[in-house]
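Student: I'd like to ask some things about the structure below.
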Amino acid sequence: SEVAQEFGKDEDVAGLCEEKLKLVQVDYWLEKPISGVHFSGHALHTDNQLRRARSWFPCVDFDLQRCSYDMEFTVNSDYVAVSNGKLLYQVPSNEGLHLKTFVYKLDIPVAAHFISLIVAPLEVLPDCQNASISHLCIPGSLSQLQYTVNFFHLVFSYYEDYLGASFPFGCYSHVFVDSESILSSVSIGASVVTLSSHLLVDERVIDQNIRTRIKLAHALAQQWFGVYITPSSASDAWLLEGLAGFLTDIFVKRHFGNNEACFRRYKANEAICKVDVEGFPPLSPPTCVSNLLGTERISILGRIRSWKAVAVIQMLEKQMGPEPFRKILQRIILRAQDPVRNLRTLSTKEFRHFANKLGNLERPFLKDFFPRWVESTGCPVLSMGFVYSKRRNIIELAVHRGCTATRDVAIETEDNLLKEKQRDSDTGWPGMMSIRVHEVDGMYDHPILPMAGDAYQLLEIQCHSKLGSRRIQRPKKGSKLESTEEIDPSPTVDSRQGLESPLLWVRADPQLEYLAEIHVHQPEQMWINQLEKDRDVVAQMQAITALAAFPQMSFPAINALNSCLNDLKAFCRVRIEAAFALANTTAEATGWAGLSHLLKFYKSRRYDPDIGLPRPNDFHDLAEYFVLQVIPGAVAAIRGSDGKSPPEAVDFILQLMKYNDNSGNQYSDVYWLSSLIQSIGKIEFSQQSLQILPRILKSIDRFLQYDRLMPSYNGLITISCIRTLTDMALKFSHFLPMDHIEQLLHPFIDARTTWWKVRLEAAQALCDLQFHLEGLDAGIKLALKLVYIDPSMKVQSKLFSHILHVCTVKEYTTDSVSSATLADLIQLLHSRKSFSNTFLRHHVFSVLQVLSGRPATLIRSTIPPVEPSAITGTVDSATQEPRNKFGPIKVRIQCPLESHSEPVSNHLVPTGLENSREAIPTASGSSSGKQVGDQKVGVLKLRFKPTTSAQQDEKSLVPEPVRSSSVSMEQGVKSQLIADESPHSIKYASFECEENQKHGYSTTSMRESDGRLGYKYFENEMEESTVHLIQSKKTKNLQVAIDRIESDTGAPSSNQDLRLTTECSGDQQYKATHQEDTEIRLMLRLEDQGSSKLEAGTTDEGQQKETASEKRRKEVKKKWKREKDKNEGTCNEYVRKQDKPDDPEYLEKKSQKKEHKRKEKELRHFQKYDENGAIKSTKIDTNSTGKRAAVGTSETVVRIKFKNKL
């Protein structure tokens, strides 16, 4: 009938097809199966491993081969047989009354590995809210089953409402089997899910409830996307994984709240960015390696891959919107329910088409999105720094783009070579990221940051708040508040910051629209504001992480973390992060403030103030329970300057262990006590604390004996004791006999008396001790021995997963492994044990790969890939630094900027950036400077046209601006721009001046890259015929040397060049004048920071005093400048006076400037006249060799060279 539907609905065609069909009946007998089906006691179940369905029934074990099934199972009358599809009936067997036959029918074609069978003496629990749902468990667990699944009907109905369709398989079953025999905690089959019994939740246990509910919701989502709708090929499997995870996330958001969903997504994105580096397989591998046999979904890498698939789907949902994305999923389900379609598959290409048609996403965006996120490796890394410009009221944001994967995975095929060539021309990741600015007047979103672009970019964001309108209103003297209820208890913004900037804090990608690693560099006070004022969970997590990363925690930051810990309105997981941040930043420099805050918080809630001892446990407040549970572990992580735990922390933990009392509490304290025991293993004992070590060991032994008599939930107490003993043994291995520790742990690996989780923990502890004492080879040998001893497949696979983790640790990578050990690993890889346990087989293969120096994956990289152009930029590889979350950002600006400077708020510059200018390399852009040694020397060219003295006197009163060119100039380290320094505060100019004959003095205009003109004024002071250097405060001596004289020492003619080269320290300021036909080239070279100033002027040799015409000319010039600045607004001083007439900072600078001018005038008079008032004569030593005089760090040397242009 299926073939007839495929060829058409015509009866003749259908009859013809039925004539060609032949019914093949296969009678087979299965005895002692190797894999696929497992017996455990009186139970049988299938595990649906990778391509192992053919091991227990005849089938074509391939994903694209789908069939419908009619199944009959004859079992003992005391047993229940559960399989896929709808149970038609159960009747006594014809073979005897002691047997019973179960008949199932599955009408929807599915792949062979989705067929499941469970036969065991099960207890059945029908769902009270939905008759199509049934739950089954092993005997004795019915009460736990009822509490575990009492919410499940909500998930079932929510998925149906969201997708707009009923459940495709009609009925659904949960079967909980013994956890010893099942390989995976959750095994997916069509309409039936097999789960481990350790997922059953007791009504008195709090912690396991959340994990189990999320697993059940995810298993149901996989029924829709994964079983009912399958991928078209192996390269499309990521899409179904992402859709199933997306359904799970929307359930978490609805059932547990938006805070829990955002927190889980934020943590998942952090893990993806850390793992998604070079060597990590892409979501959709190339066609030639697409048949990875499902190994990409195994182990922790498979979990990260699934998280990345969900993140990609969530990014698309953010771009489309919730409703268009929901319509796409409903359209996919509706298309799958079409009876005409024989195959219910979904490919990446089809989903891309739906995103374009129903999601309204543009084709160019989708064309860049899927190749970059799905077919490539790596996540974007964005580092941002900013400053605020008061005058322009804007934020200058510097962005550095990077990638987590410096090398991409490449496969040597023709198709992939073409993709690599196309990827070289790509611009990075598509999309536009939003920057959210919190100002004093409100919150504003600016979607201005493109995800693609150069490695460095500078953006401008306009602020909406103004400082003039935000004055701090202080209460008048003698006034009183109306009532105490109107006082806002929330912390206020720093008053100094409010005066300097309207910014409170800045966030990038506030809605988590992109999967990216984002580092925002802002002052500590802004992080404190973000933690206290922003109620978003992600914003608070980012603020806590940033505050904990500062090298030294300040008291305001400690108080902010403490306030977050005590805030009952804050999300409990955010408060937990604040507790660990307080512990990590506690030091003697802060007076152990973090430790005192943690102890005070715990004692205020759990201690009896009258007797000073802990009260009995009371866990009625679940949020408070989760926060208080982690306090002992946070206190145990505190270290002093000697690396040891303080005595107060050790006494606090021991007191909690001694006086723990759970009598009268309605909830179990198994997780509470487990975390308390594990906190002991984190303690670093000092000589004083070693005296209480016997007490600690006796307490641990007491817990072990108690748990042996009355087993705890899932053996958690024993597991915690084993873990703590192992940590302590590794710390004291230099004087403790390891034989006694091993003898203590060996009884826990006995499979006959110990539960599988306890055996696994004991086996991992023994391997860790063996690694620490005898090296990697001995540890692997012990693991091989334990694998052959333990009968549980779950213990075997998880133990070698732990070995794989240990092999990747740097401490053991240099250890050698013997040939015998490698031969044993290869033998295990080819054994029947590995064939029956595909997880174990994959982990053994991964260990061999890591030992040989290769990644633990089947994908091979044979071509050195090229990094996308979006993350390469123009920076030399030699100058690149490793990524640092909160380090300084260095941005290179190669275009000319404005010459005038604006006031910049210094509090916006992150700590450590002030001294980072010297580390910035010299820009390699076009410049008119000259190469002197290893540094660039900038050239300033001033050209003046000669005029006769009559013309000069005649036109001395008429001003004219001087034209300039756009030739760039590099001025030492000033050509490099720190991300937290305003570019407008940098004097960056290169120009040529030509005097016009219409006016008697010159102004210089500088053409900027954006077309604007900045004006710079030069005052002509005709005083002397030689060069006078006005020294700064720090410069006491001056030596002038002439290196070479090619012409007369008199005034140069029109065919001569006067080249003046100065070497000095500090910010260079120069003034140049002229009277003859000359060309002056000033080459300024910056060597180190100082305060010396250069003032050069060329005058006629015979001129000694200023004439009346020159004075009158200066007065007219100053008057013209004032009028021009007032009308056109080009004078910064005038604007500053008008904007801030009462600014104390401006008044102080003005007074300092006047004082500086007065001292310069006195010094000029002192150098020009002697004690009797006569004019000094200037002498030039022509025999000087030009060597630097030893006058200190601020020494100034002037070299004058004359060259004829004949």
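Residue names in the structure tokens use chain letters A, B, ... in the order shown, residue numbers from 1 in each chain, and ligand numbers from 1 in the order shown.
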How would you write, as a list of chain:residue names, the set of residues in stretch 138-376 of chain A that DSSP gives as strand (DSSP E)?
Tutor: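 In stretch 138-376 of chain A, DSSP puts these residues in strand (DSSP E): A:Tyr172, A:Ser173, A:His174, A:Val175, A:Phe176, A:Val177, A:Val186, A:Ser187, A:Ile188, A:Gly189, A:Val192, A:Val193, A:Thr194, A:Leu195, A:Ser196, A:Thr230, A:Pro231, A:Thr345, A:Leu346.
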Student: Neighbouring residues of A:Val506 were defined as those with any atom within 8 Å, considering only C-alpha atoms; residues of the same chain fewer than 4 positions away were excluded. Please report them as a list in words.
Tutor: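 Returned residues: Ile435, Arg436, Val437, His438, Val520, Gln522 and Met526 of chain A.
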Student: Would you return as a VMD selection string the members of stretch 595-823 of chain A that DSSP assigns to alpha helix (DSSP H) on this structure's backbone?
Tutor: chain A and resid 595 to 606 622 to 636 647 to 658 670 to 681 693 to 709 716 to 731 738 to 745 756 to 774 776 to 789 793 to 807 810 to 813 819 to 823
Student: Any idea what the distance is between atom CA of A:Val310 and atom CA of A:Gly245?
Tutor: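 The value is 5.6 Å.
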Student: When you look at A:Ser679 with a cut-off of 10 Å (counting only C-alpha atoms), what residues show up, excluding the ones that are within fewer than 5 positions of it in the same chain? I need them as a PyMOL selection string.
Tutor: chain A and resi 630-637+650+653+673-674+720+724
Student: Would you mind exporting all heavy atoms of the selected residues as a PDB file, in the first residue's frame?
Tutor:
```
ATOM      1  N   VAL A 630      24.984  26.747  48.918  1.00  0.00           N
ATOM      2  CA  VAL A 630      26.309  26.943  48.329  1.00  0.00           C
ATOM      3  C   VAL A 630      27.238  27.778  49.213  1.00  0.00           C
ATOM      4  O   VAL A 630      28.417  27.916  48.891  1.00  0.00           O
ATOM      5  CB  VAL A 630      26.181  27.625  46.954  1.00  0.00           C
ATOM      6  CG1 VAL A 630      25.311  26.800  46.025  1.00  0.00           C
ATOM      7  CG2 VAL A 630      25.629  29.037  47.078  1.00  0.00           C
ATOM      8  N   ILE A 631      26.740  28.331  50.304  1.00  0.00           N
ATOM      9  CA  ILE A 631      27.581  29.180  51.157  1.00  0.00           C
ATOM     10  C   ILE A 631      28.760  28.407  51.747  1.00  0.00           C
ATOM     11  O   ILE A 631      29.900  28.913  51.727  1.00  0.00           O
ATOM     12  CB  ILE A 631      26.734  29.844  52.257  1.00  0.00           C
ATOM     13  CG1 ILE A 631      25.679  30.763  51.622  1.00  0.00           C
ATOM     14  CG2 ILE A 631      27.613  30.643  53.206  1.00  0.00           C
ATOM     15  CD1 ILE A 631      26.236  31.886  50.813  1.00  0.00           C
ATOM     16  N   PRO A 632      28.604  27.195  52.289  1.00  0.00           N
ATOM     17  CA  PRO A 632      29.785  26.473  52.797  1.00  0.00           C
ATOM     18  C   PRO A 632      30.848  26.237  51.737  1.00  0.00           C
ATOM     19  O   PRO A 632      32.049  26.367  52.010  1.00  0.00           O
ATOM     20  CB  PRO A 632      29.189  25.155  53.311  1.00  0.00           C
ATOM     21  CG  PRO A 632      27.773  25.477  53.639  1.00  0.00           C
ATOM     22  CD  PRO A 632      27.348  26.466  52.620  1.00  0.00           C
ATOM     23  N   GLY A 633      30.439  25.894  50.510  1.00  0.00           N
ATOM     24  CA  GLY A 633      31.425  25.705  49.453  1.00  0.00           C
ATOM     25  C   GLY A 633      32.137  26.992  49.092  1.00  0.00           C
ATOM     26  O   GLY A 633      33.337  26.986  48.785  1.00  0.00           O
ATOM     27  N   ALA A 634      31.411  28.128  49.105  1.00  0.00           N
ATOM     28  CA  ALA A 634      32.049  29.409  48.817  1.00  0.00           C
ATOM     29  C   ALA A 634      33.030  29.805  49.916  1.00  0.00           C
ATOM     30  O   ALA A 634      34.118  30.321  49.641  1.00  0.00           O
ATOM     31  CB  ALA A 634      30.983  30.490  48.642  1.00  0.00           C
ATOM     32  N   VAL A 635      32.660  29.556  51.151  1.00  0.00           N
ATOM     33  CA  VAL A 635      33.566  29.872  52.271  1.00  0.00           C
ATOM     34  C   VAL A 635      34.818  28.996  52.210  1.00  0.00           C
ATOM     35  O   VAL A 635      35.934  29.462  52.488  1.00  0.00           O
ATOM     36  CB  VAL A 635      32.819  29.698  53.608  1.00  0.00           C
ATOM     37  CG1 VAL A 635      33.778  29.793  54.785  1.00  0.00           C
ATOM     38  CG2 VAL A 635      31.715  30.736  53.739  1.00  0.00           C
ATOM     39  N   ALA A 636      34.666  27.739  51.838  1.00  0.00           N
ATOM     40  CA  ALA A 636      35.825  26.846  51.752  1.00  0.00           C
ATOM     41  C   ALA A 636      36.784  27.237  50.637  1.00  0.00           C
ATOM     42  O   ALA A 636      37.959  26.868  50.672  1.00  0.00           O
ATOM     43  CB  ALA A 636      35.350  25.406  51.544  1.00  0.00           C
ATOM     44  N   ALA A 637      36.319  27.985  49.634  1.00  0.00           N
ATOM     45  CA  ALA A 637      37.182  28.385  48.526  1.00  0.00           C
ATOM     46  C   ALA A 637      38.009  29.625  48.832  1.00  0.00           C
ATOM     47  O   ALA A 637      38.847  30.011  48.014  1.00  0.00           O
ATOM     48  CB  ALA A 637      36.334  28.634  47.277  1.00  0.00           C
ATOM     49  N   VAL A 650      37.343  27.245  58.374  1.00  0.00           N
ATOM     50  CA  VAL A 650      37.391  25.830  58.768  1.00  0.00           C
ATOM     51  C   VAL A 650      36.474  25.573  59.964  1.00  0.00           C
ATOM     52  O   VAL A 650      35.707  24.592  59.985  1.00  0.00           O
ATOM     53  CB  VAL A 650      38.842  25.424  59.095  1.00  0.00           C
ATOM     54  CG1 VAL A 650      38.908  23.964  59.511  1.00  0.00           C
ATOM     55  CG2 VAL A 650      39.742  25.669  57.887  1.00  0.00           C
ATOM     56  N   ILE A 653      32.684  25.528  58.879  1.00  0.00           N
ATOM     57  CA  ILE A 653      32.210  24.323  58.179  1.00  0.00           C
ATOM     58  C   ILE A 653      32.100  23.150  59.146  1.00  0.00           C
ATOM     59  O   ILE A 653      31.132  22.370  59.094  1.00  0.00           O
ATOM     60  CB  ILE A 653      33.159  24.003  57.013  1.00  0.00           C
ATOM     61  CG1 ILE A 653      33.085  25.125  55.971  1.00  0.00           C
ATOM     62  CG2 ILE A 653      32.793  22.675  56.372  1.00  0.00           C
ATOM     63  CD1 ILE A 653      34.066  24.974  54.842  1.00  0.00           C
ATOM     64  N   LEU A 673      23.455  18.108  52.765  1.00  0.00           N
ATOM     65  CA  LEU A 673      24.575  17.470  53.457  1.00  0.00           C
ATOM     66  C   LEU A 673      25.685  17.078  52.488  1.00  0.00           C
ATOM     67  O   LEU A 673      26.867  17.119  52.832  1.00  0.00           O
ATOM     68  CB  LEU A 673      24.058  16.247  54.224  1.00  0.00           C
ATOM     69  CG  LEU A 673      24.977  15.641  55.281  1.00  0.00           C
ATOM     70  CD1 LEU A 673      25.361  16.676  56.320  1.00  0.00           C
ATOM     71  CD2 LEU A 673      24.298  14.456  55.947  1.00  0.00           C
ATOM     72  N   SER A 674      25.306  16.708  51.270  1.00  0.00           N
ATOM     73  CA  SER A 674      26.314  16.349  50.271  1.00  0.00           C
ATOM     74  C   SER A 674      27.206  17.541  49.930  1.00  0.00           C
ATOM     75  O   SER A 674      28.432  17.413  49.846  1.00  0.00           O
ATOM     76  CB  SER A 674      25.623  15.818  49.018  1.00  0.00           C
ATOM     77  OG  SER A 674      26.551  15.583  47.995  1.00  0.00           O
ATOM     78  N   SER A 720      29.706  11.690  48.036  1.00  0.00           N
ATOM     79  CA  SER A 720      30.362  12.897  48.529  1.00  0.00           C
ATOM     80  C   SER A 720      31.526  12.562  49.449  1.00  0.00           C
ATOM     81  O   SER A 720      32.580  13.224  49.390  1.00  0.00           O
ATOM     82  CB  SER A 720      29.350  13.780  49.265  1.00  0.00           C
ATOM     83  OG  SER A 720      28.279  14.125  48.419  1.00  0.00           O
ATOM     84  N   THR A 724      35.423  13.585  48.748  1.00  0.00           N
ATOM     85  CA  THR A 724      36.170  14.388  49.714  1.00  0.00           C
ATOM     86  C   THR A 724      37.432  13.670  50.160  1.00  0.00           C
ATOM     87  O   THR A 724      38.516  14.288  50.286  1.00  0.00           O
ATOM     88  CB  THR A 724      35.275  14.693  50.919  1.00  0.00           C
ATOM     89  OG1 THR A 724      34.107  15.392  50.481  1.00  0.00           O
ATOM     90  CG2 THR A 724      36.007  15.534  51.942  1.00  0.00           C
TER      91      THR A 724
END
```
Student: With 12 Å as the cut-off and only C-alpha atoms counted, what is the closest atom pair between each nearby residue of stretch 109-183 of chain A and stretch 734-757 of chain A? Distances in Å to one decimal, ordered by chain and number, as CSV.
Tutor:
```
residue,atom,partner,partner_atom,distance
A:Asp178,CA,A:Trp756,CA,10.8
A:Ser179,CA,A:Trp756,CA,8.2
A:Glu180,CA,A:Trp756,CA,6.3
A:Ser181,CA,A:Trp756,CA,9.8
A:Ile182,CA,A:Trp756,CA,11.1
A:Leu183,CA,A:Trp756,CA,11.6
```
Student: So that I can see what lies close to A:Val538, please list as a PyMOL selection string the residues with an atom at most 8 Å from it, counting only C-alpha atoms and leaving out residues fewer than 5 positions away in the same chain.
Tutor: chain A and resi 262-263+266+510
Student: Out of A:Tyr388, A:Arg615, A:Leu361, A:Trp56, which residue has the shortest atom-to-atom distance to A:Asn662 when counting only C-alpha atoms?
Tutor: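 Ranked by minimum distance to A:Asn662, first place goes to A:Arg615.
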Student: I'd like to know which of A:Ala271, A:Ser347, A:Glu684, A:Ser55 is closest to A:Ser35, using only C-alpha atoms.
Tutor: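 For A:Ser35, the nearest of the candidates is A:Ser55.
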Student: Smallest atom-to-atom distance to A:Pro614: which of A:Phe62, A:Gln655, A:Val387, A:Met451, using only C-alpha atoms?
Tutor: A:Gln655
Student: Which residues, written as a ChimeraX atom specification, have at least one atom at most 8 Å from A:Thr101, with only C-alpha atoms counted and residues fewer than 6 positions away on the same chain left out?
Tutor: /A:72-75,90-93
Student: Restricted to N, CA and C atoms, what would the selected residues look like written as a PDB file, in the first residue's frame?
Tutor:
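Result file selection_37.pdb:
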```
ATOM      1  N   GLU A  72       3.641  -8.504  17.774  1.00  0.00           N
ATOM      2  CA  GLU A  72       3.013  -9.369  18.772  1.00  0.00           C
ATOM      3  C   GLU A  72       4.099  -9.925  19.674  1.00  0.00           C
ATOM      4  N   PHE A  73       3.877  -9.849  20.986  1.00  0.00           N
ATOM      5  CA  PHE A  73       4.856 -10.310  21.967  1.00  0.00           C
ATOM      6  C   PHE A  73       4.147 -11.225  22.953  1.00  0.00           C
ATOM      7  N   THR A  74       4.675 -12.415  23.096  1.00  0.00           N
ATOM      8  CA  THR A  74       4.131 -13.397  24.042  1.00  0.00           C
ATOM      9  C   THR A  74       5.094 -13.502  25.215  1.00  0.00           C
ATOM     10  N   VAL A  75       4.600 -13.178  26.396  1.00  0.00           N
ATOM     11  CA  VAL A  75       5.438 -13.147  27.596  1.00  0.00           C
ATOM     12  C   VAL A  75       4.703 -13.862  28.720  1.00  0.00           C
ATOM     13  N   GLN A  90      -4.567  -7.392  24.562  1.00  0.00           N
ATOM     14  CA  GLN A  90      -3.723  -8.384  25.225  1.00  0.00           C
ATOM     15  C   GLN A  90      -4.618  -9.575  25.604  1.00  0.00           C
ATOM     16  N   VAL A  91      -4.231 -10.747  25.145  1.00  0.00           N
ATOM     17  CA  VAL A  91      -5.044 -11.954  25.318  1.00  0.00           C
ATOM     18  C   VAL A  91      -4.152 -13.082  25.811  1.00  0.00           C
ATOM     19  N   PRO A  92      -4.736 -14.096  26.448  1.00  0.00           N
ATOM     20  CA  PRO A  92      -3.936 -15.274  26.826  1.00  0.00           C
ATOM     21  C   PRO A  92      -3.418 -15.978  25.580  1.00  0.00           C
ATOM     22  N   SER A  93      -2.249 -16.538  25.708  1.00  0.00           N
ATOM     23  CA  SER A  93      -1.623 -17.193  24.559  1.00  0.00           C
ATOM     24  C   SER A  93      -2.211 -18.580  24.346  1.00  0.00           C
TER      25      SER A  93
END
```
Student: With distances taken over only C-alpha atoms, which residue among A:Phe835, A:Phe102, A:Phe57, A:Trp592 lies nearest A:Asn76?
Tutor: A:Phe102
Student: Show which residues sit within 12 Å of stretch 812-826 of chain A, as an MDAnalysis selection string. Count only C-alpha atoms, and ignore same-chain residues fewer than 2 positions away.
Tutor: chainID A and resid 768 770:785 787:788 800 803:810 828:831 834 840:853
